[in-house]
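Novice: So that you have it, the file is query.cif, and it contains mmCIF, C-alpha atoms:
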```cif
data_entry
loop_
_atom_site.group_PDB
_atom_site.id
_atom_site.type_symbol
_atom_site.label_atom_id
_atom_site.label_comp_id
_atom_site.auth_asym_id
_atom_site.auth_seq_id
_atom_site.Cartn_x
_atom_site.Cartn_y
_atom_site.Cartn_z
ATOM 1 C CA ILE A 1 -35.500 -22.903 73.633
ATOM 2 C CA THR A 2 -34.498 -24.452 70.337
ATOM 3 C CA ALA A 3 -31.301 -23.491 68.534
ATOM 4 C CA VAL A 4 -31.589 -22.398 64.894
ATOM 5 C CA PRO A 5 -28.621 -23.095 62.645
ATOM 6 C CA ALA A 6 -26.653 -19.994 61.624
ATOM 7 C CA GLU A 7 -26.872 -20.905 57.973
ATOM 8 C CA ALA A 8 -29.485 -18.834 56.241
ATOM 9 C CA ALA A 9 -31.877 -20.418 53.863
ATOM 10 C CA VAL A 10 -30.867 -20.025 50.202
ATOM 11 C CA VAL A 11 -33.389 -18.014 48.247
ATOM 12 C CA ASP A 12 -33.553 -18.585 44.514
ATOM 13 C CA GLU A 13 -33.528 -15.217 42.744
ATOM 14 C CA PRO A 14 -33.669 -14.967 39.003
ATOM 15 C CA PRO A 15 -30.299 -13.825 37.533
ATOM 16 C CA LYS A 16 -30.106 -10.176 36.559
ATOM 17 C CA ALA A 17 -29.967 -9.463 32.866
ATOM 18 C CA PRO A 18 -26.624 -8.023 31.738
ATOM 19 C CA THR A 19 -26.571 -4.276 31.325
ATOM 20 C CA PRO A 20 -26.926 -3.515 27.605
ATOM 21 C CA PRO A 21 -24.097 -1.528 26.016
ATOM 22 C CA PRO A 22 -24.821 2.107 25.315
ATOM 23 C CA PRO A 23 -26.391 2.654 21.907
ATOM 24 C CA ALA A 24 -23.908 3.239 19.096
ATOM 25 C CA VAL A 25 -23.552 6.871 18.074
ATOM 26 C CA PRO A 26 -22.215 8.142 14.727
ATOM 27 C CA THR A 27 -18.897 9.981 14.802
ATOM 28 C CA SER A 28 -18.629 13.737 14.722
ATOM 29 C CA ALA A 29 -17.910 15.431 11.379
ATOM 30 C CA PRO A 30 -14.444 15.294 9.783
ATOM 31 C CA LEU A 31 -12.467 18.472 10.517
ATOM 32 C CA ASP A 32 -10.637 21.070 8.412
ATOM 33 C CA VAL A 33 -11.593 19.785 4.959
ATOM 34 C CA SER A 34 -9.284 21.569 2.490
ATOM 35 C CA VAL A 35 -7.925 21.423 -1.067
ATOM 36 C CA ASP A 36 -4.531 19.741 -1.365
ATOM 37 C CA ASP A 37 -4.193 19.931 -5.167
ATOM 38 C CA VAL A 38 -6.327 20.677 -8.211
ATOM 39 C CA ASN A 39 -5.714 20.355 -11.936
ATOM 40 C CA ASP A 40 -7.791 20.199 -15.102
ATOM 41 C CA SER A 41 -9.237 16.718 -14.383
ATOM 42 C CA SER A 42 -8.839 15.947 -10.677
ATOM 43 C CA LEU A 43 -9.140 17.390 -7.198
ATOM 44 C CA THR A 44 -7.277 16.145 -4.120
ATOM 45 C CA ILE A 45 -8.711 17.000 -0.729
ATOM 46 C CA LYS A 46 -7.503 16.349 2.805
ATOM 47 C CA TRP A 47 -9.091 16.529 6.272
ATOM 48 C CA LYS A 48 -8.498 15.745 9.916
ATOM 49 C CA THR A 49 -10.003 12.880 11.911
ATOM 50 C CA PRO A 50 -13.262 13.724 13.742
ATOM 51 C CA ASP A 51 -13.025 14.742 17.404
ATOM 52 C CA THR A 52 -15.415 11.979 18.487
ATOM 53 C CA ILE A 53 -15.256 8.532 16.883
ATOM 54 C CA GLY A 54 -17.209 6.336 19.322
ATOM 55 C CA ASN A 55 -16.473 3.025 21.027
ATOM 56 C CA ASP A 56 -16.946 0.939 17.894
ATOM 57 C CA GLY A 57 -14.216 2.692 15.899
ATOM 58 C CA LEU A 58 -14.167 4.311 12.476
ATOM 59 C CA LEU A 59 -14.879 2.267 9.346
ATOM 60 C CA GLY A 60 -13.690 4.940 6.907
ATOM 61 C CA TYR A 61 -14.793 7.950 4.899
ATOM 62 C CA THR A 62 -17.103 8.643 1.982
ATOM 63 C CA ILE A 63 -16.274 11.612 -0.239
ATOM 64 C CA GLU A 64 -19.129 13.290 -2.101
ATOM 65 C CA TYR A 65 -19.265 16.180 -4.558
ATOM 66 C CA CYS A 66 -21.840 18.121 -6.533
ATOM 67 C CA LYS A 67 -21.773 20.880 -9.109
ATOM 68 C CA ASP A 68 -22.331 24.274 -7.542
ATOM 69 C CA GLY A 69 -25.986 25.251 -7.857
ATOM 70 C CA THR A 70 -27.289 21.661 -7.836
ATOM 71 C CA ALA A 71 -28.333 19.379 -4.985
ATOM 72 C CA GLU A 72 -27.290 16.032 -6.509
ATOM 73 C CA TRP A 73 -24.391 14.690 -4.427
ATOM 74 C CA ILE A 74 -22.248 12.058 -6.159
ATOM 75 C CA ALA A 75 -20.141 9.540 -4.205
ATOM 76 C CA ALA A 76 -16.538 9.834 -5.379
ATOM 77 C CA ASN A 77 -15.422 6.543 -3.806
ATOM 78 C CA GLU A 78 -17.186 3.176 -4.095
ATOM 79 C CA GLN A 79 -15.389 1.746 -1.042
ATOM 80 C CA LEU A 80 -14.807 3.563 2.236
ATOM 81 C CA THR A 81 -11.310 5.007 2.395
ATOM 82 C CA PRO A 82 -9.328 4.799 5.649
ATOM 83 C CA ASP A 83 -7.050 7.678 4.583
ATOM 84 C CA ASN A 84 -7.396 11.374 5.454
ATOM 85 C CA HIS A 85 -6.948 12.434 1.824
ATOM 86 C CA TYR A 86 -8.571 11.479 -1.448
ATOM 87 C CA ARG A 87 -8.174 12.291 -5.152
ATOM 88 C CA ILE A 88 -11.419 12.699 -7.095
ATOM 89 C CA ARG A 89 -10.604 11.787 -10.715
ATOM 90 C CA ASP A 90 -12.166 12.204 -14.156
ATOM 91 C CA LEU A 91 -13.614 15.654 -13.496
ATOM 92 C CA THR A 92 -14.544 18.155 -16.196
ATOM 93 C CA THR A 93 -12.425 21.263 -16.681
ATOM 94 C CA GLY A 94 -14.379 24.384 -15.809
ATOM 95 C CA ASP A 95 -16.770 22.739 -13.329
ATOM 96 C CA LEU A 96 -17.294 24.458 -9.984
ATOM 97 C CA LEU A 97 -17.674 21.747 -7.320
ATOM 98 C CA ARG A 98 -18.776 21.592 -3.714
ATOM 99 C CA VAL A 99 -17.171 18.749 -1.751
ATOM 100 C CA ARG A 100 -17.987 17.082 1.550
ATOM 101 C CA VAL A 101 -16.474 14.249 3.594
ATOM 102 C CA VAL A 102 -18.577 11.914 5.753
ATOM 103 C CA ALA A 103 -17.091 9.674 8.463
ATOM 104 C CA VAL A 104 -18.719 6.249 8.838
ATOM 105 C CA ASN A 105 -18.753 3.964 11.888
ATOM 106 C CA PRO A 106 -21.013 0.987 12.785
ATOM 107 C CA ALA A 107 -23.700 3.435 13.987
ATOM 108 C CA GLY A 108 -23.892 5.157 10.605
ATOM 109 C CA ARG A 109 -22.808 8.350 8.868
ATOM 110 C CA SER A 110 -21.557 11.500 10.553
ATOM 111 C CA GLU A 111 -22.591 15.013 9.712
ATOM 112 C CA PRO A 112 -20.530 16.049 6.669
ATOM 113 C CA GLY A 113 -17.340 18.066 6.865
ATOM 114 C CA LEU A 114 -17.561 20.610 4.031
ATOM 115 C CA LEU A 115 -15.066 22.510 1.929
ATOM 116 C CA PRO A 116 -15.786 26.135 2.830
ATOM 117 C CA GLU A 117 -15.961 27.291 -0.819
ATOM 118 C CA PRO A 118 -16.682 25.622 -4.175
ATOM 119 C CA VAL A 119 -13.561 24.661 -6.139
ATOM 120 C CA ALA A 120 -12.988 25.432 -9.829
ATOM 121 C CA ILE A 121 -11.536 22.469 -11.720
ATOM 122 C CA HIS A 122 -8.680 23.882 -13.773
ATOM 123 C CA GLU A 123 -4.937 23.723 -14.130
ATOM 124 C CA ILE A 124 -3.285 25.901 -11.536
ATOM 125 C CA GLY A 125 -0.265 27.488 -13.102
ATOM 126 C CA ASP A 126 3.077 27.644 -11.377
ATOM 127 C CA ARG A 127 5.635 29.936 -12.970
ATOM 128 C CA PRO A 128 8.697 28.124 -14.275
ATOM 129 C CA LYS A 129 11.586 28.039 -11.830
ATOM 130 C CA ILE A 130 15.172 27.104 -12.542
ATOM 131 C CA ARG A 131 16.974 25.409 -9.689
ATOM 132 C CA LEU A 132 20.550 26.155 -10.565
ATOM 133 C CA PRO A 133 22.969 23.771 -8.812
ATOM 134 C CA ARG A 134 25.444 25.432 -6.441
ATOM 135 C CA ILE A 135 28.433 24.487 -8.604
ATOM 136 C CA LEU A 136 26.961 26.458 -11.525
ATOM 137 C CA ARG A 137 26.378 29.624 -9.487
ATOM 138 C CA SER A 138 30.012 30.562 -9.865
ATOM 139 C CA ARG A 139 32.488 30.368 -12.727
ATOM 140 C CA TYR A 140 32.718 26.882 -14.219
ATOM 141 C CA VAL A 141 35.980 26.283 -16.114
ATOM 142 C CA LYS A 142 36.800 23.443 -18.491
ATOM 143 C CA LYS A 143 39.630 23.111 -21.011
ATOM 144 C CA VAL A 144 38.861 23.306 -24.721
ATOM 145 C CA GLY A 145 37.786 19.907 -26.017
ATOM 146 C CA GLU A 146 36.794 18.519 -22.633
ATOM 147 C CA GLN A 147 33.277 17.160 -22.409
ATOM 148 C CA ILE A 148 30.891 18.891 -20.048
ATOM 149 C CA ASN A 149 27.581 17.630 -18.739
ATOM 150 C CA LEU A 150 25.322 20.239 -17.133
ATOM 151 C CA VAL A 151 22.176 19.149 -15.311
ATOM 152 C CA ILE A 152 19.866 22.095 -14.732
ATOM 153 C CA PRO A 153 16.594 21.184 -13.010
ATOM 154 C CA PHE A 154 13.511 23.273 -13.713
ATOM 155 C CA VAL A 155 9.866 22.995 -12.715
ATOM 156 C CA GLY A 156 6.585 24.612 -13.677
ATOM 157 C CA LYS A 157 2.934 23.845 -14.121
ATOM 158 C CA PRO A 158 1.974 23.045 -16.804
ATOM 159 C CA ASN A 159 5.336 21.640 -17.890
ATOM 160 C CA PRO A 160 7.379 24.496 -19.362
ATOM 161 C CA ALA A 161 8.559 24.535 -22.965
ATOM 162 C CA VAL A 162 12.364 24.626 -22.951
ATOM 163 C CA SER A 163 14.709 26.325 -25.377
ATOM 164 C CA TRP A 164 18.490 26.605 -24.975
ATOM 165 C CA LEU A 165 20.098 29.856 -26.106
ATOM 166 C CA LYS A 166 23.588 31.318 -26.210
ATOM 167 C CA ASP A 167 23.821 35.079 -26.603
ATOM 168 C CA GLY A 168 20.105 35.143 -27.492
ATOM 169 C CA GLN A 169 20.470 32.578 -30.301
ATOM 170 C CA PRO A 170 19.618 28.858 -30.256
ATOM 171 C CA VAL A 171 22.672 26.750 -29.461
ATOM 172 C CA ASP A 172 24.290 24.898 -32.362
ATOM 173 C CA THR A 173 23.071 21.295 -32.056
ATOM 174 C CA LYS A 174 25.985 20.162 -34.262
ATOM 175 C CA ARG A 175 28.344 21.201 -31.487
ATOM 176 C CA VAL A 176 26.131 20.653 -28.436
ATOM 177 C CA ASN A 177 24.035 17.646 -27.495
ATOM 178 C CA ILE A 178 20.880 18.683 -25.599
ATOM 179 C CA ARG A 179 18.605 16.281 -23.765
ATOM 180 C CA ASN A 180 15.484 17.412 -21.872
ATOM 181 C CA SER A 181 13.526 15.056 -19.654
ATOM 182 C CA ASP A 182 10.613 15.102 -17.213
ATOM 183 C CA GLY A 183 11.291 14.341 -13.584
#
```
So, in terms of structure tokens, how does the structure I just supplied come out?
Specialist:
Amino acid sequence: ITAVPAEAAVVDEPPKAPTPPPPAVPTSAPLDVSVDDVNDSSLTIKWKTPDTIGNDGLLGYTIEYCKDGTAEWIAANEQLTPDNHYRIRDLTTGDLLRVRVVAVNPAGRSEPGLLPEPVAIHEIGDRPKIRLPRILRSRYVKKVGEQINLVIPFVGKPNPAVSWLKDGQPVDTKRVNIRNSDG
């Protein structure tokens, strides 16, 4: 009987090819697309990040709009935006626009997230409001001849026209210095 060494013979096997990564998949659609602000020449929209982004990450978003009743979508941004809001500028007052947001990753474009309704491009009015400071909500007493400086903030959209009256008549600008400013 002859003894055989315990070492097994080495068999050359070709190396296994690495497992390929799963194919890239576009993200899901952006969520909850909504109007943040609108005026007579611009529209600001916002949205939430898609539920599914994919392993390769998100490159950004493309915002597109078209006039209601047409099928020609116009890209609002030349470069992808990383933000979850965007202002579309230089719009025409009176236009009715449909808007969609598309997420982009290395695999391509997502399905669009759509505004549920077309948006009219126009100035949204906001009634003027006076924000009277607390100190002026009660009696304010100064001695005759003392200078007084009253700051009374007010807001409105479009900017309100301001007139200062005393007892229903314009104040005397020879006796009172009035200065109005924005902001």
Novice: Calculate how many Å separate atom CA of A:Asn159 from atom CA of A:Asn39, rounding to one decimal.
Specialist: 12.6 Å
Novice: Given the file shown, enumerate the residues that the PyMOL selection byres ((chain A and resi 55-64) around 10) captures and present them as a VMD selection string.
Specialist: chain A and resid 22 to 27 30 45 49 to 50 52 to 54 65 to 66 72 to 88 98 to 110 112 to 114
Novice: Go through A:Asp68, A:Glu123, A:Glu146, A:Glu13 and flag the residue nearest A:Ser41, using only C-alpha atoms for the distances.
Specialist: A:Glu123
Novice: Rank nothing, just name the residue among A:Lys16, A:Lys46, A:Arg175, A:Lys67 nearest to A:Val119, using all atoms listed in the file.
Specialist: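 Result for the nearest residue to A:Val119: A:Lys67.
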Novice: Just so the selection is clear, what residues does the PyMOL selection byres ((chain A and resi 153) around 7) cover here, as a list in words?
Specialist: Ile130, Arg131, Leu132, Val151, Ile152, Phe154 and Val155 of chain A
Novice: Suppose a student applies the PyMOL selection byres ((chain A and resi 34) around 8) to this structure; what residues should they get, written as a list in words?
Specialist: Asp32, Val33, Val35, Asp36, Ile45, Lys46, Trp47, Leu115 and Pro116 of chain A
Novice: Any idea what the distance is between atom CA of A:Asp40 and atom CA of A:Gly94?
Specialist: 7.8 Å
Novice: Around all the atoms of stretch 33-43 of chain A listed in the file, with 8 Å of room on each side, what axis-aligned box do you get, giving centre and edge lengths in Å to one decimal, as JSON?
Specialist:
```
{"center_x": -7.9, "center_y": 18.8, "center_z": -5.1, "size_x": 23.4, "size_y": 21.6, "size_z": 36.1}
```
Novice: Which one of A:Val171, A:Leu43, A:Val162, A:Val176 sits closest to A:Pro128 if you count only C-alpha atoms?
Specialist: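 Of all the options, A:Val162 lies closest to A:Pro128.
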Novice: Could you jot down the atom CA of A:Gln147 to atom CA of A:Lys174 separation for me, Å, one decimal place?
Specialist: 14.2 Å
